[in-house]
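Here's the structure, in structure tokens; my notes come after.
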Number of protein chains: 2
Amino acid sequence: METCVHCLNCKLRHMCFPSMLNQSEMSRFNGIIDHRRKVRRGQRLYSAGDTFQNIYVPRIGSFKTVLSSEHGAEHVTGFYLIGETLGLSGISTKRHIVNAIALEDSVACVIPFQQLESLCREMPRLQQHIYKLLSAEIAQKSQGMIQLGSMTAEQRVAAFLLNISARLGARSYSITELSLHMTRGDIGNYLGMTLETVSRTFSRFQKNGLIRVRGKNITLSDAHALNCL
Amino acid sequence: METCVHCLNCKLRHMCFPSMLNQSEMSRFNGIIDHRRKVRRGQRLYSAGDTFQNIYVPRIGSFKTVLSSEHGAEHVTGFYLIGETLGLSGISTKRHIVNAIALEDSVACVIPFQQLESLCREMPRLQQHIYKLLSAEIAQKSQGMIQLGSMTAEQRVAAFLLNISARLGARSYSITELSLHMTRGDIGNYLGMTLETVSRTFSRFQKNGLIRVRGKNITLSDAHALNCL
DNA sequence: CGCATTCTTGAAACGCCTCAAACTTGGTGG
DNA sequence: CCACCAAGTTTGAGGCGTTTCAAGAATGCG
């Protein structure tokens with residue numbers, strides 16, 4: 001745990017909660033945040049069953065969320081990149097329902113939800129941001145269901161790459177150079193296919209000049225073609 | 001459109017927003033609701049692209065939400081039974097992103113979201129209810145992704161039946177007698193399989209004594225076995 | 001550097017989809 | 001009231017995409 005968090009000086013403030021707040025609001029928001037959490041690759045930011053107290057924003061690194069079914073199977077329900085918000089799915093049950101696992105050595109800002117909630121009562125724009133986050137997550141999951149339900153493996157992989165690209169772009173990172181820190185197994189699990197199918201699809205895309213694969217680093221060479229599969 | 005909505009006298013109030021409010025709060029909540037909407041089978045409650053102004057609670061009947069992809073394909077993203085809440089996915093974009101279509105002749109209460117939002121500022125329990133609804137929808141979609149991603153067609157159909165059963169049970173309806181007003185095509189689309197596979201799976205379940213099929217009416221004879229597939 | 005993990009690629013097997021035809025249901029009008 | 005028609009459902013046969021199983025190659029962390 002680190003202390004002394006200053007949103008004002010944070011390089012990521014324009015892609016985080018403070019982005020919709022004015023200076024005095026940001027200062028009040030900053031007041032409820034007192035630390036960050038360092039999480040090593042493979043370690044958990046929070047676990048299924050934990051009391052829901054905080055939501056988190058990765059400042060360095062990235063995470064996956066994993067839901068364990070009753071039958072012992074595990075399913076990757078999402079990936080969370082720098083500046084995105086994790087933990088919201090625990091609100092309704094007051095407990096987290098997934099494990100959040102770091103895909104690389106990571107650091108996340110810790111936002112106490114109860115204090116955030118009372119702050120929202122006085123700052124409508126903050127409230128609206130929370131709604132947006134929740135609603136966007138519903139839209140994202142719906143999108144995921146479409147991918148899984150009505151697309152071929154090839155289309156799903158293409159949609160996945162474009163989705164990551166767009167999310168990186170929205171946070172001013174390169175939209176062509178992706179570092180996929182999750183394994184092929186994670187991607188396959190998330191997309192509802194085997195890791196072999198993911199690997200084979202990457203290879204086929206590369207052969208056709210749509211992408212370039214160098215281990216976990218993938219270059220999108222022809223995003224348009226990916227979108228038209 | 002009907003007028004004169006009185007939550008106090010509504011038979012469904014214990015499974016709706018007012019359930020977590022005291023009498024005076026309920027009365028204020030009631031104040032922002034001034035009508036219901038009647039929607040005939042196959043007609044839309046709202047359409048993708050519509051400005052997001054209201055959320056809805058079916059009082060009679062049920063709905064499906066359909067997302068149209070760019071490529072012209074349509075995908076069923078959810079079913080909404082009596083007392084459940086529709087329309088939340090439009091919050092983030094200020095526009096609805098799906099078409100909400102009545103599965104039978106239906107009536108829904110219309111809740112103006114902006115007024116609901118300001119009411120929330122003064123009634124924390126109402127606020128928490130909204131959070132719960134949003135968060136529960138995320139959980140529901142995540143569950144849906146698991147179904148689509150890592151289950152066989154048989155398991156998906158079983159999970160679907162048990163899910164509907166549980167949701168009816170949560171609203172004090174029979175958990176064994178289901179009226180599925182959606183078509184086999186809708187179910188298949190939602191579950192990521194063809195309507196033929198849905199039909200074949202129902203037939204197989206019936207042959208094995210797990211359910212009884214009489215057109216759209218399905219009886220769960222062995223819920224435990226369905227859960228163990 | 002070495003070992004565990006991850007990734008790639010191949011061949012065979014299986015589950016679901018596609019196409020097709022017959023049957024059932026429910027709403028409409030003669 | 002029944003015939004009719006459209007919409008929805010059931011069932012079968014064959015084909016295809018994805019999975020499974022397996023073995024070797026490439027990463028990358030300690």
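Ordering of the structure tokens sets the chain letters (A, B, ...), residue numbers begin anew at 1 in every chain, and ligands are numbered from 1 in the order given.
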
For this session: Extract, using only C-alpha atoms (C1' of nucleotides), all DNA, RNA and protein residues at most 12 Å from D:DG15, discarding same-chain residues fewer than 5 positions from it, and format them as an MDAnalysis selection string.
Result: chainID C and resid 16:19

Problem set entry | Spatial neighbours of C:DT9, 12 Å, only C-alpha atoms (C1' of nucleotides), chain gap at least 2 places, as a PyMOL selection string | (chain A and resi 196-197+199-201+203-204) or (chain C and resi 7+11) or (chain D and resi 22-25)

For this session: Select residues of chain D: the criterion is any atom within 9 Å of an atom of chain A, counting only C-alpha atoms (C1' of nucleotides); output as a list of chain:residue names.
Result: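 Listing them in order of chain and number gives D:DG17, D:DT18, D:DT19, D:DT27.
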
Please save N, CA, C and O atoms (P, O5', C5', C4', C3', O3' and C1' of nucleotides) of the selected residues as a PDB file, in the first residue's frame.
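Dumped to result_37.pdb:
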ATOM      1  P    DG D  17     -16.435 -24.379 -42.176  1.00  0.00           P
ATOM      2  O5'  DG D  17     -16.382 -24.051 -40.612  1.00  0.00           O
ATOM      3  C5'  DG D  17     -17.585 -23.662 -39.961  1.00  0.00           C
ATOM      4  C4'  DG D  17     -17.423 -23.817 -38.473  1.00  0.00           C
ATOM      5  C3'  DG D  17     -16.111 -23.263 -37.922  1.00  0.00           C
ATOM      6  O3'  DG D  17     -16.414 -22.655 -36.680  1.00  0.00           O
ATOM      7  C1'  DG D  17     -16.255 -25.594 -37.453  1.00  0.00           C
ATOM      8  P    DT D  18     -15.344 -21.778 -35.906  1.00  0.00           P
ATOM      9  O5'  DT D  18     -15.072 -22.615 -34.573  1.00  0.00           O
ATOM     10  C5'  DT D  18     -16.190 -23.120 -33.839  1.00  0.00           C
ATOM     11  C4'  DT D  18     -15.757 -24.292 -33.000  1.00  0.00           C
ATOM     12  C3'  DT D  18     -14.492 -24.058 -32.180  1.00  0.00           C
ATOM     13  O3'  DT D  18     -14.835 -24.171 -30.802  1.00  0.00           O
ATOM     14  C1'  DT D  18     -14.457 -26.189 -33.245  1.00  0.00           C
ATOM     15  P    DT D  19     -13.729 -24.237 -29.648  1.00  0.00           P
ATOM     16  O5'  DT D  19     -13.583 -25.802 -29.376  1.00  0.00           O
ATOM     17  C5'  DT D  19     -14.759 -26.551 -29.079  1.00  0.00           C
ATOM     18  C4'  DT D  19     -14.399 -27.994 -28.793  1.00  0.00           C
ATOM     19  C3'  DT D  19     -13.340 -28.186 -27.707  1.00  0.00           C
ATOM     20  O3'  DT D  19     -13.787 -29.211 -26.837  1.00  0.00           O
ATOM     21  C1'  DT D  19     -12.647 -29.260 -29.710  1.00  0.00           C
ATOM     22  P    DT D  27       9.896 -16.727 -29.485  1.00  0.00           P
ATOM     23  O5'  DT D  27       9.465 -16.000 -28.128  1.00  0.00           O
ATOM     24  C5'  DT D  27       9.743 -16.697 -26.977  1.00  0.00           C
ATOM     25  C4'  DT D  27       8.677 -16.544 -25.928  1.00  0.00           C
ATOM     26  C3'  DT D  27       9.145 -15.560 -24.881  1.00  0.00           C
ATOM     27  O3'  DT D  27       8.055 -14.826 -24.369  1.00  0.00           O
ATOM     28  C1'  DT D  27       9.033 -17.762 -23.968  1.00  0.00           C
TER      29       DT D  27
END

Problem set entry | helix (DSSP H, G or I) per DSSP on the backbone: members of stretch 87-175 of chain B, as a VMD selection string | chain B and resid 88 to 90 113 to 122 124 to 150 153 to 170

Could those residues be written to a file, using C-alpha atoms, as a PDB file, in the first residue's frame?
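Generated output (out.pdb):
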ATOM      1  CA  LEU B  88     -31.088   0.859 -17.705  1.00  0.00           C
ATOM      2  CA  SER B  89     -28.506   0.132 -20.384  1.00  0.00           C
ATOM      3  CA  GLY B  90     -29.291   3.484 -21.973  1.00  0.00           C
ATOM      4  CA  PHE B 113     -35.214   8.763 -14.918  1.00  0.00           C
ATOM      5  CA  GLN B 114     -34.198  12.360 -14.370  1.00  0.00           C
ATOM      6  CA  GLN B 115     -36.825  12.836 -11.686  1.00  0.00           C
ATOM      7  CA  LEU B 116     -35.904   9.479 -10.187  1.00  0.00           C
ATOM      8  CA  GLU B 117     -32.303  10.621 -10.053  1.00  0.00           C
ATOM      9  CA  SER B 118     -33.065  13.798  -8.116  1.00  0.00           C
ATOM     10  CA  LEU B 119     -35.309  11.836  -5.780  1.00  0.00           C
ATOM     11  CA  CYS B 120     -32.370   9.516  -5.146  1.00  0.00           C
ATOM     12  CA  ARG B 121     -30.344  12.394  -3.808  1.00  0.00           C
ATOM     13  CA  GLU B 122     -32.773  12.688  -0.917  1.00  0.00           C
ATOM     14  CA  PRO B 124     -30.484   6.920  -0.114  1.00  0.00           C
ATOM     15  CA  ARG B 125     -32.438   3.687  -0.066  1.00  0.00           C
ATOM     16  CA  LEU B 126     -33.844   4.476  -3.465  1.00  0.00           C
ATOM     17  CA  GLN B 127     -30.334   5.251  -4.669  1.00  0.00           C
ATOM     18  CA  GLN B 128     -29.137   1.896  -3.403  1.00  0.00           C
ATOM     19  CA  HIS B 129     -31.960   0.198  -5.221  1.00  0.00           C
ATOM     20  CA  ILE B 130     -30.837   1.736  -8.515  1.00  0.00           C
ATOM     21  CA  TYR B 131     -27.297   0.600  -7.870  1.00  0.00           C
ATOM     22  CA  LYS B 132     -28.596  -2.857  -7.107  1.00  0.00           C
ATOM     23  CA  LEU B 133     -30.570  -3.007 -10.329  1.00  0.00           C
ATOM     24  CA  LEU B 134     -27.604  -1.916 -12.403  1.00  0.00           C
ATOM     25  CA  SER B 135     -25.179  -4.169 -10.636  1.00  0.00           C
ATOM     26  CA  ALA B 136     -27.557  -7.127 -10.806  1.00  0.00           C
ATOM     27  CA  GLU B 137     -27.855  -6.599 -14.530  1.00  0.00           C
ATOM     28  CA  ILE B 138     -24.081  -6.746 -14.884  1.00  0.00           C
ATOM     29  CA  ALA B 139     -24.069  -9.979 -12.896  1.00  0.00           C
ATOM     30  CA  GLN B 140     -26.867 -11.334 -15.077  1.00  0.00           C
ATOM     31  CA  LYS B 141     -24.974 -10.531 -18.268  1.00  0.00           C
ATOM     32  CA  SER B 142     -21.801 -12.069 -16.841  1.00  0.00           C
ATOM     33  CA  GLN B 143     -23.786 -15.184 -16.068  1.00  0.00           C
ATOM     34  CA  GLY B 144     -25.039 -15.120 -19.626  1.00  0.00           C
ATOM     35  CA  MET B 145     -21.490 -14.940 -20.931  1.00  0.00           C
ATOM     36  CA  ILE B 146     -20.561 -18.006 -18.930  1.00  0.00           C
ATOM     37  CA  GLN B 147     -23.524 -19.855 -20.353  1.00  0.00           C
ATOM     38  CA  LEU B 148     -22.541 -18.937 -23.867  1.00  0.00           C
ATOM     39  CA  GLY B 149     -18.860 -19.443 -23.401  1.00  0.00           C
ATOM     40  CA  SER B 150     -18.287 -22.616 -21.505  1.00  0.00           C
ATOM     41  CA  ALA B 153     -26.163 -26.424 -25.666  1.00  0.00           C
ATOM     42  CA  GLU B 154     -27.879 -28.778 -23.232  1.00  0.00           C
ATOM     43  CA  GLN B 155     -26.415 -27.035 -20.193  1.00  0.00           C
ATOM     44  CA  ARG B 156     -27.318 -23.629 -21.577  1.00  0.00           C
ATOM     45  CA  VAL B 157     -30.954 -24.563 -22.096  1.00  0.00           C
ATOM     46  CA  ALA B 158     -31.123 -26.089 -18.609  1.00  0.00           C
ATOM     47  CA  ALA B 159     -29.545 -22.979 -17.086  1.00  0.00           C
ATOM     48  CA  PHE B 160     -32.004 -20.809 -18.986  1.00  0.00           C
ATOM     49  CA  LEU B 161     -35.013 -22.711 -17.664  1.00  0.00           C
ATOM     50  CA  LEU B 162     -33.689 -22.629 -14.101  1.00  0.00           C
ATOM     51  CA  ASN B 163     -32.946 -18.912 -14.417  1.00  0.00           C
ATOM     52  CA  ILE B 164     -36.481 -18.096 -15.525  1.00  0.00           C
ATOM     53  CA  SER B 165     -37.832 -20.345 -12.795  1.00  0.00           C
ATOM     54  CA  ALA B 166     -35.769 -18.581 -10.123  1.00  0.00           C
ATOM     55  CA  ARG B 167     -36.813 -15.136 -11.327  1.00  0.00           C
ATOM     56  CA  LEU B 168     -40.481 -16.127 -11.273  1.00  0.00           C
ATOM     57  CA  GLY B 169     -39.967 -17.608  -7.816  1.00  0.00           C
ATOM     58  CA  ALA B 170     -38.395 -14.366  -6.575  1.00  0.00           C
TER      59      ALA B 170
END

Problem set entry | Neighbour list for B:Gly87 as a ChimeraX atom specification, cut-off 12 Å, only C-alpha atoms (C1' of nucleotides), skip fewer than 5 positions in-chain | /A:135,138-139 /B:45-48,50-58,63-66,77-80,92-101,108-113,133-134,137

Exercise. Quick one, how far is atom CA of B:Arg59 from atom CA of B:Leu12?
Worked result: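 So the answer is 7.3 Å.
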
For this session: Just list the residues in stretch 109-156 of chain A DSSP gives strand (DSSP E or B) on the backbone, as a list in words.
Result: Cys109, Val110, Ile111 and Pro112 of chain A

For this session: Can you work out which one of B:Glu177, B:Glu70, B:Asp222, B:Glu104 has the shortest atom-to-atom distance to chain A, counting only C-alpha atoms?
Result: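 Once distances to chain A are computed over only C-alpha atoms, the minimum belongs to B:Glu70.
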
Exercise. Which residues, written as a PyMOL selection string, have at least one atom at most 10 Å from D:DT20, with only C-alpha atoms (C1' of nucleotides) counted and residues fewer than 4 positions away on the same chain left out?
Worked result: (chain A and resi 194) or (chain C and resi 12-14)

Exercise. Mind pulling up the distance from atom C1' of D:DA13 to atom CA of B:Gly185?
Worked result: 21.4 Å

For this session: Would you list the contacts of C:DC3 as a VMD selection string, taking every protein, DNA or RNA residue within 12 Å and counting only C-alpha atoms (C1' of nucleotides), but skipping same-chain residues closer than 5 positions in sequence?
Result: chain D and resid 27 to 30
